[in-house]
file work-v8.csv (CSV, C-alpha atoms)
chain,number,residue,atom,x,y,z
A,28,MET,CA,35.4,13.3,7.4
A,29,THR,CA,36.7,10.9,10.0
A,30,ASP,CA,35.4,7.4,10.4
A,31,ASN,CA,34.3,8.3,13.9
A,32,ARG,CA,32.2,11.2,12.8
A,33,SER,CA,30.8,9.1,9.9
A,34,ASN,CA,29.9,6.4,12.5
A,35,TYR,CA,28.3,8.9,14.8
A,36,ARG,CA,26.3,10.2,11.9
A,37,LYS,CA,24.7,6.7,11.5
A,38,ILE,CA,23.7,6.7,15.2
A,39,LEU,CA,22.3,10.2,14.9
A,40,GLU,CA,20.5,9.5,11.6
A,41,ALA,CA,18.8,6.3,13.0
A,42,SER,CA,17.7,8.2,16.1
A,43,LEU,CA,16.3,11.1,14.2
A,44,ARG,CA,14.3,8.7,12.1
A,45,GLY,CA,12.9,7.3,15.3
A,46,ASP,CA,14.7,4.0,15.0
A,47,PHE,CA,16.1,4.0,18.5
A,48,ASP,CA,16.8,0.2,18.7
A,49,ASP,CA,19.1,0.6,15.7
A,50,ALA,CA,20.7,3.7,17.1
A,51,GLU,CA,21.4,1.9,20.4
A,52,ARG,CA,22.8,-1.1,18.6
A,53,LEU,CA,25.1,1.1,16.6
A,54,ASN,CA,26.3,2.9,19.7
A,55,ALA,CA,27.1,-0.4,21.3
A,56,GLU,CA,28.8,-1.7,18.2
A,57,PHE,CA,31.1,1.2,17.4
A,58,SER,CA,34.3,1.7,19.4
A,59,ASP,CA,34.5,4.8,21.6
A,60,ILE,CA,33.9,8.0,19.6
A,61,PRO,CA,35.6,11.0,20.9
A,62,PHE,CA,33.6,14.2,21.6
A,63,SER,CA,35.7,16.0,19.0
A,64,ASP,CA,33.7,13.9,16.5
A,65,SER,CA,30.4,13.3,18.2
A,66,ALA,CA,29.8,16.6,20.0
A,67,VAL,CA,31.0,18.7,17.0
A,68,LEU,CA,28.7,16.9,14.6
A,69,VAL,CA,25.8,17.1,17.0
A,70,GLY,CA,26.5,20.8,17.5
A,71,ALA,CA,26.6,21.4,13.7
A,72,VAL,CA,23.3,19.6,13.2
A,73,PHE,CA,21.8,21.4,16.2
A,74,TYR,CA,22.9,24.8,14.8
A,75,LEU,CA,21.2,24.0,11.4
A,76,ALA,CA,18.0,22.7,13.0
A,77,VAL,CA,17.6,25.7,15.3
A,78,LYS,CA,18.2,28.1,12.4
A,79,HIS,CA,15.5,26.3,10.5
A,80,ARG,CA,13.1,26.3,13.5
A,81,PHE,CA,13.5,30.0,14.1
A,82,SER,CA,13.9,31.1,10.5
A,83,GLY,CA,10.7,33.1,10.9
A,84,GLY,CA,12.0,35.1,13.9
A,85,ALA,CA,13.5,34.4,17.2
A,86,ASP,CA,12.5,36.8,20.0
A,87,HIS,CA,12.8,35.7,23.6
A,88,ALA,CA,9.1,34.8,23.9
A,89,THR,CA,9.3,32.5,20.9
A,90,VAL,CA,12.4,30.7,22.2
A,91,LYS,CA,10.9,30.4,25.7
A,92,ALA,CA,7.7,28.9,24.2
A,93,PHE,CA,9.7,26.4,22.3
A,94,ILE,CA,11.7,25.4,25.4
A,95,ASP,CA,8.6,25.1,27.5
A,96,GLU,CA,7.0,22.9,24.8
A,97,ALA,CA,10.1,20.7,24.6
A,98,LEU,CA,10.3,20.3,28.4
A,99,ALA,CA,6.7,19.2,28.5
A,100,GLU,CA,7.3,16.7,25.8
A,101,TYR,CA,10.4,15.4,27.5
A,102,ALA,CA,8.9,15.4,31.0
A,103,ASN,CA,9.8,11.7,31.4
A,104,ALA,CA,13.4,12.1,30.3
A,105,GLN,CA,15.9,10.8,32.8
A,106,PRO,CA,18.1,12.6,33.6
A,107,PRO,CA,15.7,15.5,33.2
A,108,ILE,CA,16.5,18.2,30.6
A,109,LYS,CA,17.6,21.4,32.5
A,110,PRO,CA,15.5,24.4,31.3
A,111,LEU,CA,18.4,26.9,31.5
A,112,THR,CA,20.8,24.6,29.7
A,113,ALA,CA,18.3,24.0,26.9
A,114,GLU,CA,17.5,27.7,26.6
A,115,ALA,CA,21.2,28.7,26.7
A,116,LEU,CA,22.1,26.2,23.9
A,117,VAL,CA,19.2,27.4,21.7
A,118,ARG,CA,20.0,31.1,22.2
A,119,ALA,CA,23.7,30.3,21.6
A,120,ALA,CA,22.8,28.9,18.2
A,121,LEU,CA,20.8,32.0,17.4
A,122,GLY,CA,23.8,34.2,18.1
A,123,GLU,CA,24.3,34.6,21.9
A,124,THR,CA,27.2,32.2,21.7
A,125,GLU,CA,28.7,33.2,25.1
A,126,LEU,CA,25.8,31.5,26.8
A,127,MET,CA,27.4,28.2,26.0
A,128,GLN,CA,30.3,28.9,28.4
A,129,GLY,CA,30.2,26.6,31.3
A,130,ILE,CA,28.2,23.9,29.6
A,131,GLY,CA,30.1,20.7,29.1
A,132,ALA,CA,29.7,18.4,26.1
A,133,GLU,CA,28.3,15.6,28.3
A,134,GLU,CA,25.5,17.9,29.2
A,135,ALA,CA,25.0,19.6,25.8
A,136,VAL,CA,24.9,16.4,23.6
A,137,PRO,CA,21.8,14.8,25.1
A,138,VAL,CA,19.9,18.2,25.2
A,139,GLN,CA,20.9,19.1,21.7
A,140,MET,CA,20.0,15.7,20.3
A,141,SER,CA,16.6,15.8,22.1
A,142,LEU,CA,15.9,19.3,20.7
A,143,VAL,CA,16.9,18.4,17.2
A,144,TYR,CA,14.6,15.3,17.4
A,145,LYS,CA,11.7,17.6,18.4
A,146,ILE,CA,12.4,20.0,15.6
A,147,VAL,CA,12.7,17.2,13.0
A,148,ALA,CA,9.5,15.5,14.3
A,149,ASP,CA,7.5,18.8,14.5
A,150,ALA,CA,8.6,19.7,10.9
A,151,GLU,CA,7.7,16.1,9.8
A,152,LEU,CA,10.9,15.9,7.9
A,153,SER,CA,11.2,13.0,5.5
A,154,HIS,CA,14.1,10.5,5.6
A,155,ALA,CA,15.6,12.4,2.6
A,156,ASP,CA,15.3,15.6,4.5
A,157,ILE,CA,17.0,14.1,7.6
A,158,SER,CA,19.8,12.8,5.4
A,159,ALA,CA,20.2,16.2,3.8
A,160,LEU,CA,20.3,17.8,7.3
A,161,LEU,CA,23.1,15.4,8.3
A,162,ASP,CA,25.0,15.9,5.0
A,163,LYS,CA,25.0,19.6,5.7
A,164,GLY,CA,25.9,19.1,9.3
A,165,GLU,CA,28.9,17.0,8.4
A,166,LYS,CA,30.0,19.7,6.0
A,167,LEU,CA,29.6,22.4,8.6
A,168,ALA,CA,31.4,20.3,11.2
A,169,THR,CA,34.3,19.8,8.8
A,170,SER,CA,34.5,23.5,8.1
A,171,TRP,CA,34.9,24.2,11.8
A,172,SER,CA,37.7,21.7,12.2
B,5,MET,CA,21.5,-14.8,-47.3
B,6,ALA,CA,19.8,-16.2,-50.3
B,7,SER,CA,19.4,-14.1,-53.4
B,8,ILE,CA,17.1,-14.4,-56.5
B,9,ASP,CA,20.1,-15.3,-58.7
B,10,GLU,CA,21.0,-18.1,-56.3
B,11,PHE,CA,17.4,-19.4,-56.5
B,12,ILE,CA,17.5,-19.4,-60.3
B,13,THR,CA,20.8,-21.2,-60.4
B,14,SER,CA,19.5,-23.8,-58.0
B,15,VAL,CA,16.3,-24.4,-60.1
B,16,GLN,CA,18.4,-24.6,-63.3
B,17,SER,CA,20.5,-27.3,-61.8
B,18,ASN,CA,17.3,-29.2,-60.9
B,19,ILE,CA,16.2,-29.0,-64.5
B,20,GLU,CA,19.5,-30.2,-65.7
B,21,ALA,CA,19.4,-33.2,-63.4
B,22,LEU,CA,15.9,-34.1,-64.7
B,23,LYS,CA,17.1,-33.8,-68.4
B,24,GLN,CA,20.0,-36.1,-67.6
B,25,ALA,CA,17.5,-38.5,-66.0
B,26,GLN,CA,15.4,-38.4,-69.2
B,27,THR,CA,18.4,-39.2,-71.3
B,28,SER,CA,19.4,-42.0,-69.0
B,29,MET,CA,15.9,-43.4,-69.3
B,30,ASP,CA,16.5,-43.6,-73.1
B,31,GLY,CA,19.0,-46.4,-72.3
B,32,ALA,CA,16.3,-48.4,-70.4
B,33,LYS,CA,13.8,-47.9,-73.2
B,34,GLN,CA,16.4,-49.2,-75.7
B,35,GLN,CA,17.1,-52.2,-73.5
B,36,ALA,CA,13.4,-53.0,-73.3
B,37,GLU,CA,13.2,-52.6,-77.1
B,38,GLU,CA,16.0,-55.1,-77.6
B,39,LEU,CA,14.4,-57.6,-75.2
B,40,SER,CA,11.2,-57.4,-77.1
B,41,SER,CA,13.0,-58.2,-80.4
B,42,GLN,CA,14.8,-61.1,-78.9
B,43,PHE,CA,11.6,-62.6,-77.5
B,44,GLN,CA,9.9,-62.1,-80.9
B,45,SER,CA,12.6,-63.8,-82.8
B,46,LEU,CA,12.4,-66.7,-80.4
B,47,GLY,CA,8.7,-66.9,-81.0
B,48,ALA,CA,7.9,-66.0,-77.4
B,49,GLU,CA,5.1,-63.6,-78.3
B,50,SER,CA,3.9,-63.1,-74.8
B,51,MET,CA,7.4,-62.3,-73.6
B,52,ALA,CA,7.9,-59.9,-76.5
B,53,THR,CA,4.6,-58.2,-75.6
B,54,GLY,CA,5.7,-57.9,-72.0
B,55,ALA,CA,9.0,-56.3,-73.0
B,56,GLN,CA,7.1,-53.8,-75.1
B,57,SER,CA,5.1,-53.0,-72.1
B,58,LEU,CA,8.3,-52.2,-70.2
B,59,LYS,CA,9.4,-49.9,-73.0
B,60,GLN,CA,6.0,-48.0,-72.8
B,61,GLY,CA,6.4,-47.6,-69.0
B,62,VAL,CA,9.8,-46.0,-69.5
B,63,GLU,CA,8.4,-43.7,-72.1
B,64,GLU,CA,5.5,-42.7,-69.7
B,65,ALA,CA,8.1,-42.0,-67.0
B,66,GLN,CA,10.1,-39.9,-69.5
B,67,SER,CA,7.0,-38.0,-70.5
B,68,GLY,CA,6.1,-37.5,-66.8
B,69,VAL,CA,9.4,-35.6,-66.3
B,70,VAL,CA,8.5,-33.1,-69.0
B,71,PRO,CA,5.8,-31.2,-67.1
B,72,VAL,CA,8.1,-31.0,-64.0
B,73,ILE,CA,10.8,-29.5,-66.1
B,74,THR,CA,8.3,-27.1,-67.6
B,75,GLN,CA,7.1,-26.1,-64.1
B,76,LEU,CA,10.7,-25.5,-63.0
B,77,GLU,CA,11.3,-23.3,-66.1
B,78,GLN,CA,8.3,-21.2,-65.2
B,79,LEU,CA,9.7,-20.7,-61.7
B,80,ILE,CA,12.8,-19.3,-63.3
B,81,THR,CA,10.7,-16.9,-65.3
B,82,GLN,CA,8.9,-15.8,-62.1
B,83,ALA,CA,12.1,-15.2,-60.3
B,84,GLN,CA,13.5,-13.1,-63.1
B,85,GLY,CA,10.4,-11.0,-62.9
B,86,LEU,CA,11.0,-10.4,-59.2
B,87,LYS,CA,14.5,-9.2,-60.0
B,88,SER,CA,13.0,-6.4,-62.1
B,89,LEU,CA,10.9,-5.2,-59.1
B,90,ARG,CA,13.9,-4.9,-56.8
B,91,GLY,CA,14.3,-1.4,-55.3
B,92,THR,CA,10.7,-0.3,-55.8
B,93,GLY,CA,9.4,-1.7,-52.5
B,94,GLY,CA,7.7,-4.5,-54.1
B,95,VAL,CA,6.6,-7.4,-51.9
B,96,GLY,CA,8.7,-10.5,-51.9
B,97,THR,CA,12.1,-9.1,-52.6
B,98,HIS,CA,14.9,-10.6,-50.6
B,99,ASN,CA,16.5,-7.3,-49.9
B,100,ARG,CA,15.7,-5.2,-46.9
B,101,PRO,CA,13.7,-2.0,-47.6
B,102,PRO,CA,15.9,1.0,-47.6
B,103,PRO,CA,16.0,2.6,-44.1
B,104,THR,CA,13.8,5.5,-43.4
B,105,PRO,CA,15.9,8.7,-43.3
B,106,LEU,CA,16.0,10.0,-39.7
B,107,ASP,CA,15.2,13.5,-40.9
B,108,ALA,CA,11.8,12.3,-42.1
B,109,ALA,CA,11.0,10.6,-38.8
B,110,PRO,CA,8.6,12.2,-36.3
B,111,ALA,CA,10.4,14.2,-33.6
B,112,ALA,CA,9.3,11.7,-30.9
B,113,LEU,CA,11.1,8.9,-32.8
B,114,LYS,CA,14.3,10.8,-32.9
B,115,GLU,CA,14.6,10.7,-29.1
B,116,PRO,CA,17.2,8.1,-27.8
B,117,VAL,CA,15.4,5.0,-26.8
B,118,ALA,CA,16.6,2.9,-23.7
B,119,GLN,CA,17.6,-0.6,-24.6
B,120,VAL,CA,17.9,-3.7,-22.5
B,121,GLY,CA,21.3,-3.7,-20.8
B,122,ASP,CA,21.6,0.1,-20.7
B,123,PRO,CA,22.7,1.4,-17.3
B,124,VAL,CA,19.7,2.5,-15.3
B,125,THR,CA,19.8,6.0,-13.8
B,126,ALA,CA,17.0,6.9,-11.4
B,127,PRO,CA,15.7,10.4,-12.0
B,128,GLU,CA,16.9,12.9,-9.4
B,129,PRO,CA,14.1,13.6,-6.9
B,130,LYS,CA,13.0,17.2,-6.7
B,131,PRO,CA,14.6,18.8,-3.6
B,132,SER,CA,12.1,19.6,-0.8
B,133,ALA,CA,11.6,23.1,0.5
B,134,PHE,CA,13.7,22.1,3.5
B,135,GLN,CA,16.5,20.8,1.3
B,136,GLN,CA,16.4,24.0,-0.7
B,137,GLU,CA,16.7,26.0,2.6
B,138,LEU,CA,19.8,23.9,3.5
B,139,ASP,CA,21.4,24.8,0.2
B,140,GLY,CA,21.8,28.4,1.5
B,141,PRO,CA,25.2,29.4,2.9
B,142,ASP,CA,25.8,28.6,6.5
B,143,GLU,CA,29.5,28.9,6.9
B,144,ASP,CA,29.2,32.6,7.9
B,145,ALA,CA,30.7,34.4,10.9
B,146,ALA,CA,27.9,33.4,13.2
B,147,SER,CA,28.2,29.7,12.5
B,148,ASP,CA,32.0,30.0,12.8
B,149,LYS,CA,31.7,31.5,16.2
B,150,PHE,CA,29.2,28.8,17.3
B,151,GLY,CA,31.6,26.3,15.8
B,152,ARG,CA,34.6,27.6,17.9
B,153,PHE,CA,32.6,27.3,21.1
B,154,THR,CA,31.4,23.9,20.1
B,155,GLN,CA,34.9,22.7,19.4
B,156,ALA,CA,36.1,24.2,22.7
B,157,MET,CA,33.3,22.4,24.5
B,158,ALA,CA,34.2,19.1,22.8
B,159,SER,CA,37.9,19.3,23.5
B,160,GLY,CA,37.2,20.2,27.1
B,161,ALA,CA,35.4,16.9,27.5
B,162,ASP,CA,38.3,14.7,26.2
B,163,ASP,CA,38.9,13.3,29.6
B,164,LEU,CA,35.3,12.1,29.7
B,165,SER,CA,35.6,10.0,26.5
B,166,GLN,CA,35.3,6.8,28.5
B,167,TYR,CA,31.7,7.9,29.2
B,168,ALA,CA,30.9,8.8,25.6
B,169,LYS,CA,28.8,5.7,25.0
B,170,GLN,CA,26.9,6.2,28.2
B,171,ILE,CA,26.2,9.8,27.3
B,172,THR,CA,24.9,8.9,23.9
B,173,ASP,CA,22.7,6.2,25.5
B,174,ASN,CA,21.3,8.8,27.8
B,175,ALA,CA,20.6,11.1,24.8
B,176,LEU,CA,18.9,8.2,23.0
B,177,ALA,CA,16.8,7.3,26.0
B,178,ALA,CA,15.7,11.0,26.4
B,179,MET,CA,14.8,11.1,22.7
B,180,ARG,CA,12.8,7.9,23.0
B,181,SER,CA,10.9,9.3,26.0
B,182,ARG,CA,9.5,12.2,24.0
B,183,ASP,CA,5.7,12.4,24.2
B,184,PRO,CA,4.6,14.6,21.3
B,185,ASN,CA,1.2,15.1,22.9
B,186,PRO,CA,1.9,15.7,26.6
B,187,PRO,CA,-1.0,15.8,29.0
B,188,THR,CA,-2.7,19.3,29.0
B,189,GLY,CA,-1.2,21.5,31.7
B,190,ALA,CA,2.0,19.4,31.9
B,191,THR,CA,4.8,21.5,33.1
B,192,HIS,CA,8.5,20.7,32.7
B,193,THR,CA,10.3,19.1,35.5
B,194,SER,CA,12.6,21.1,37.8
B,195,ALA,CA,16.3,21.1,37.2
B,196,THR,CA,16.8,19.0,40.4
B,197,PRO,CA,17.9,15.5,39.5
B,198,PRO,CA,16.1,12.7,41.3
B,199,GLN,CA,17.8,11.2,44.3
B,200,PRO,CA,19.5,7.9,43.3
B,201,VAL,CA,18.3,4.8,45.0
B,202,ILE,CA,21.3,2.8,46.1
B,203,SER,CA,19.5,-0.3,47.5
B,204,ALA,CA,19.9,-3.5,45.6
B,205,PRO,CA,16.7,-5.1,44.2
B,206,ALA,CA,15.4,-7.9,46.5
B,207,ALA,CA,13.6,-9.9,43.8
B,208,LYS,CA,15.6,-12.6,42.1
B,209,ASP,CA,14.0,-11.8,38.7
B,210,PRO,CA,13.1,-8.1,38.8
B,211,PRO,CA,10.3,-6.9,36.6
B,212,VAL,CA,11.3,-5.1,33.4
B,213,ALA,CA,10.1,-1.8,34.7
B,214,ASP,CA,12.6,-2.1,37.7
B,215,VAL,CA,15.5,-2.8,35.3
B,216,VAL,CA,14.6,0.2,33.2
B,217,SER,CA,14.3,2.5,36.2
B,218,THR,CA,17.6,1.2,37.6
B,219,GLY,CA,19.3,1.9,34.3
B,220,VAL,CA,17.8,5.4,34.3
B,221,MET,CA,19.0,6.0,37.8
B,222,LEU,CA,22.5,4.8,36.9
B,223,GLY,CA,22.5,7.3,34.0
B,224,ALA,CA,21.5,10.1,36.4
B,225,VAL,CA,24.2,9.0,38.8
B,226,THR,CA,26.7,9.1,36.0
B,227,LEU,CA,25.8,12.6,34.9
B,228,THR,CA,25.7,13.8,38.4
B,229,TYR,CA,29.2,12.4,38.9
B,230,LEU,CA,30.4,13.9,35.7
B,231,HIS,CA,29.0,17.3,36.7
B,232,ASN,CA,30.8,17.1,40.1
B,233,VAL,CA,34.1,16.2,38.4
B,234,ARG,CA,33.7,19.1,36.1
B,235,GLU,CA,32.8,21.5,38.9
B,236,ARG,CA,35.8,20.4,40.9
B,237,ARG,CA,38.0,20.9,37.8
B,238,ARG,CA,36.7,24.4,37.3
B,239,GLU,CA,37.2,25.3,41.0
B,240,ARG,CA,40.8,24.0,40.8
B,241,LYS,CA,41.4,26.1,37.7
B,242,ARG,CA,40.0,29.2,39.4
B,243,SER,CA,42.2,28.6,42.5
B,244,ASP,CA,45.2,28.0,40.3
B,245,GLY,CA,44.6,31.2,38.3

call {"tool": "encode", "arguments": {"input": "work-v8.csv", "output": "structure tokens"}}
result
Amino acid sequence: MTDNRSNYRKILEASLRGDFDDAERLNAEFSDIPFSDSAVLVGAVFYLAVKHRFSGGADHATVKAFIDEALAEYANAQPPIKPLTAEALVRAALGETELMQGIGAEEAVPVQMSLVYKIVADAELSHADISALLDKGEKLATSWS
Amino acid sequence: MASIDEFITSVQSNIEALKQAQTSMDGAKQQAEELSSQFQSLGAESMATGAQSLKQGVEEAQSGVVPVITQLEQLITQAQGLKSLRGTGGVGTHNRPPPTPLDAAPAALKEPVAQVGDPVTAPEPKPSAFQQELDGPDEDAASDKFGRFTQAMASGADDLSQYAKQITDNALAAMRSRDPNPPTGATHTSATPPQPVISAPAAKDPPVADVVSTGVMLGAVTLTYLHNVRERRRERKRSDG
């Protein structure tokens, strides 16, 4: 595990706990973290969170309902979350990987982080659960490298 | 550690010292006797009577020692009696009682007992249902494929690394904006980004809300710029190909 990825984990963990002041402070404090560390870790955690959310089944209507709900909750997000980008990323994690083509990391990371936060909050995951999710995410990201 | 034998020896030495004192008092008694004889021969009857009184005082002192010696001798007898009780669990022995054999102890007492200074180890918390779910295998073909696309996406953004902090800030701002209970009937916004406002704020000390909205607009402008850069790059690749 690289220091950069470990540092980005701290940002991600603080934000998923809802401690955004701490997350912003850490983001300002750490030196630039390349996307090969940040986006890959976010992608791994996103993959695990989506698999958890749709462990009971993932037909198109279920995915669409999730996206609609997320877009309503993030109605005040600026820049706004693009519905098609959000849906493509979720469906990619569920197996339709090709839908990710054409989406850049700069677009994917904010959407993925926002959707992971929704999944974590909806599931009322404890801090220990969030930590376990990030542990597994780091492990998965490493296996991809 | 003291023993019964040591106690007996100590008392015996006390008795010996007292007997020596008795003997040495015989010397004083004899001197008083001689004084009495001298005063009597001189005709000093009152002095002779006084000397006799001294002799009697010494004799009383000597006789006073006898019961002390007797008492000490009785203590020796008592101590020797305790020696005969040793090993039978009798009260008053100076030896520790033999340890209880571990086999005879109740099962609960055979368990190791934590002592002060032992390293403290917190009990492992029971994993939650979510953590048990995470324990399942995930490094399968599907995750590998998603991983390959994710890595390709990340490496394709290397030239945007200077905006990494800004993009994370945008993500954090979006997460922070989440309203878990949106107004009923709320619909998501369209994919059309808001038009950025370029005019500078007129107020010298702008309200906080203005600062926030300006930051949000700058974030939107950044992402719009990044999107345009990426589109131009793709068009260039297509025309090159």

call {"tool": "atom_distance", "arguments": {"input": "work-v8.csv", "atom1": "CA of Lys166 (chain A)", "atom2": "CA of Leu68 (chain A)"}}
result
9.1 Å

call {"tool": "atom_distance", "arguments": {"input": "work-v8.csv", "atom1": "CA of Ser158 (chain A)", "atom2": "CA of Val136 (chain A)"}}
result
19.2 Å

call {"tool": "closest_residue", "arguments": {"input": "work-v8.csv", "among": "A:Ile38, A:Ala115, A:Ala85, A:Ala132", "to": "chain B", "atoms": "all atoms listed in the file"}}
result
A:Ala132

call {"tool": "closest_residue", "arguments": {"input": "work-v8.csv", "among": "A:Gly70, A:Gly131, A:Gly45, A:Pro137", "to": "Gln105 (chain A)", "atoms": "all atoms listed in the file"}}
result
A:Pro137

call {"tool": "atom_distance", "arguments": {"input": "work-v8.csv", "atom1": "CA of Asp59 (chain A)", "atom2": "CA of Phe73 (chain A)"}}
result
21.6 Å

call {"tool": "residues_around", "arguments": {"input": "work-v8.csv", "residues": "Asp148 (chain B)", "least_positions_apart": "3", "cutoff": "12 Å", "atoms": "all atoms listed in the file", "output": "JSON, numbers by chain"}}
result
{"A": [70, 71, 74, 120, 122, 124, 167, 168, 169, 170, 171, 172], "B": [142, 143, 144, 145, 151, 152, 153, 154, 155]}

call {"tool": "residues_around", "arguments": {"input": "work-v8.csv", "residues": "Leu116 (chain A)", "least_positions_apart": "6", "cutoff": "8 Å", "atoms": "all atoms listed in the file", "output": "ChimeraX atom specification"}}
result
/A:126-127,135,139

call {"tool": "closest_residue", "arguments": {"input": "work-v8.csv", "among": "A:Arg118, A:Ala159, A:Val72, A:Ala148", "to": "Ala88 (chain A)", "atoms": "only C-alpha atoms"}}
result
A:Arg118

call {"tool": "closest_residue", "arguments": {"input": "work-v8.csv", "among": "A:Ser33, A:Gly164, A:Val138, A:Ser82", "to": "Asp64 (chain A)", "atoms": "all atoms listed in the file"}}
result
A:Ser33

call {"tool": "residues_around", "arguments": {"input": "work-v8.csv", "residues": "Lys37 (chain A)", "least_positions_apart": "4", "cutoff": "12 Å", "atoms": "all atoms listed in the file", "output": "MDAnalysis selection string"}}
result
chainID A and resid 30:33 41:44 46:47 49:54 56:57 65 68:69 157:158 161:162 165

call {"tool": "closest_residue", "arguments": {"input": "work-v8.csv", "among": "B:Ser57, B:Ala178, B:Pro127, B:Thr188", "to": "chain A", "atoms": "only C-alpha atoms"}}
result
B:Ala178

call {"tool": "closest_residue", "arguments": {"input": "work-v8.csv", "among": "B:Ser67, B:Thr13, B:Gln24, B:Gln136", "to": "chain A", "atoms": "only C-alpha atoms"}}
result
B:Gln136

call {"tool": "residues_around", "arguments": {"input": "work-v8.csv", "residues": "Tyr101 (chain A)", "least_positions_apart": "2", "cutoff": "9 Å", "atoms": "only C-alpha atoms", "output": "PDB file with C-alpha atoms, in the coordinates of the input"}}
result
ATOM      1  CA  GLU A  96       7.000  22.900  24.800  1.00  0.00           C
ATOM      2  CA  ALA A  97      10.100  20.700  24.600  1.00  0.00           C
ATOM      3  CA  LEU A  98      10.300  20.300  28.400  1.00  0.00           C
ATOM      4  CA  ALA A  99       6.700  19.200  28.500  1.00  0.00           C
ATOM      5  CA  ASN A 103       9.800  11.700  31.400  1.00  0.00           C
ATOM      6  CA  ALA A 104      13.400  12.100  30.300  1.00  0.00           C
ATOM      7  CA  GLN A 105      15.900  10.800  32.800  1.00  0.00           C
ATOM      8  CA  PRO A 107      15.700  15.500  33.200  1.00  0.00           C
ATOM      9  CA  ILE A 108      16.500  18.200  30.600  1.00  0.00           C
ATOM     10  CA  SER A 141      16.600  15.800  22.100  1.00  0.00           C
TER      11      SER A 141
ATOM     12  CA  ALA B 178      15.700  11.000  26.400  1.00  0.00           C
ATOM     13  CA  MET B 179      14.800  11.100  22.700  1.00  0.00           C
ATOM     14  CA  SER B 181      10.900   9.300  26.000  1.00  0.00           C
ATOM     15  CA  ARG B 182       9.500  12.200  24.000  1.00  0.00           C
ATOM     16  CA  ASP B 183       5.700  12.400  24.200  1.00  0.00           C
ATOM     17  CA  PRO B 184       4.600  14.600  21.300  1.00  0.00           C
ATOM     18  CA  PRO B 186       1.900  15.700  26.600  1.00  0.00           C
ATOM     19  CA  HIS B 192       8.500  20.700  32.700  1.00  0.00           C
ATOM     20  CA  THR B 193      10.300  19.100  35.500  1.00  0.00           C
TER      21      THR B 193
END

call {"tool": "decode", "arguments": {"input": "work-v8.csv", "residues": "region 107-140 of chain A", "atoms": "C-alpha atoms", "output": "mmCIF file, in the first residue's frame"}}
result
data_model
loop_
_atom_site.group_PDB
_atom_site.id
_atom_site.type_symbol
_atom_site.label_atom_id
_atom_site.label_comp_id
_atom_site.auth_asym_id
_atom_site.auth_seq_id
_atom_site.Cartn_x
_atom_site.Cartn_y
_atom_site.Cartn_z
ATOM 1 C CA PRO A 107 -24.778 18.548 -9.938
ATOM 2 C CA ILE A 108 -24.510 14.775 -10.157
ATOM 3 C CA LYS A 109 -25.223 13.646 -13.697
ATOM 4 C CA PRO A 110 -27.927 10.942 -13.743
ATOM 5 C CA LEU A 111 -26.447 8.978 -16.639
ATOM 6 C CA THR A 112 -22.944 9.045 -15.149
ATOM 7 C CA ALA A 113 -24.280 7.843 -11.795
ATOM 8 C CA GLU A 114 -26.281 5.042 -13.373
ATOM 9 C CA ALA A 115 -23.430 3.978 -15.643
ATOM 10 C CA LEU A 116 -21.026 3.716 -12.691
ATOM 11 C CA VAL A 117 -23.451 1.671 -10.593
ATOM 12 C CA ARG A 118 -24.272 -0.675 -13.441
ATOM 13 C CA ALA A 119 -20.561 -1.017 -14.247
ATOM 14 C CA ALA A 120 -19.929 -2.188 -10.682
ATOM 15 C CA LEU A 121 -22.736 -4.693 -11.122
ATOM 16 C CA GLY A 122 -21.117 -6.210 -14.193
ATOM 17 C CA GLU A 123 -21.789 -3.895 -17.163
ATOM 18 C CA THR A 124 -18.228 -2.663 -16.993
ATOM 19 C CA GLU A 125 -18.161 -1.255 -20.520
ATOM 20 C CA LEU A 126 -20.531 1.524 -19.447
ATOM 21 C CA MET A 127 -17.560 3.151 -17.683
ATOM 22 C CA GLN A 128 -15.896 3.905 -21.003
ATOM 23 C CA GLY A 129 -15.784 7.603 -21.653
ATOM 24 C CA ILE A 130 -16.131 8.580 -17.988
ATOM 25 C CA GLY A 131 -13.076 10.348 -16.613
ATOM 26 C CA ALA A 132 -11.744 9.929 -13.076
ATOM 27 C CA GLU A 133 -12.423 13.601 -12.395
ATOM 28 C CA GLU A 134 -16.112 12.923 -13.055
ATOM 29 C CA ALA A 135 -16.287 9.478 -11.488
ATOM 30 C CA VAL A 136 -14.611 10.199 -8.126
ATOM 31 C CA PRO A 137 -17.143 12.773 -6.818
ATOM 32 C CA VAL A 138 -20.088 10.668 -7.986
ATOM 33 C CA GLN A 139 -18.687 7.432 -6.575
ATOM 34 C CA MET A 140 -17.826 9.053 -3.231
#
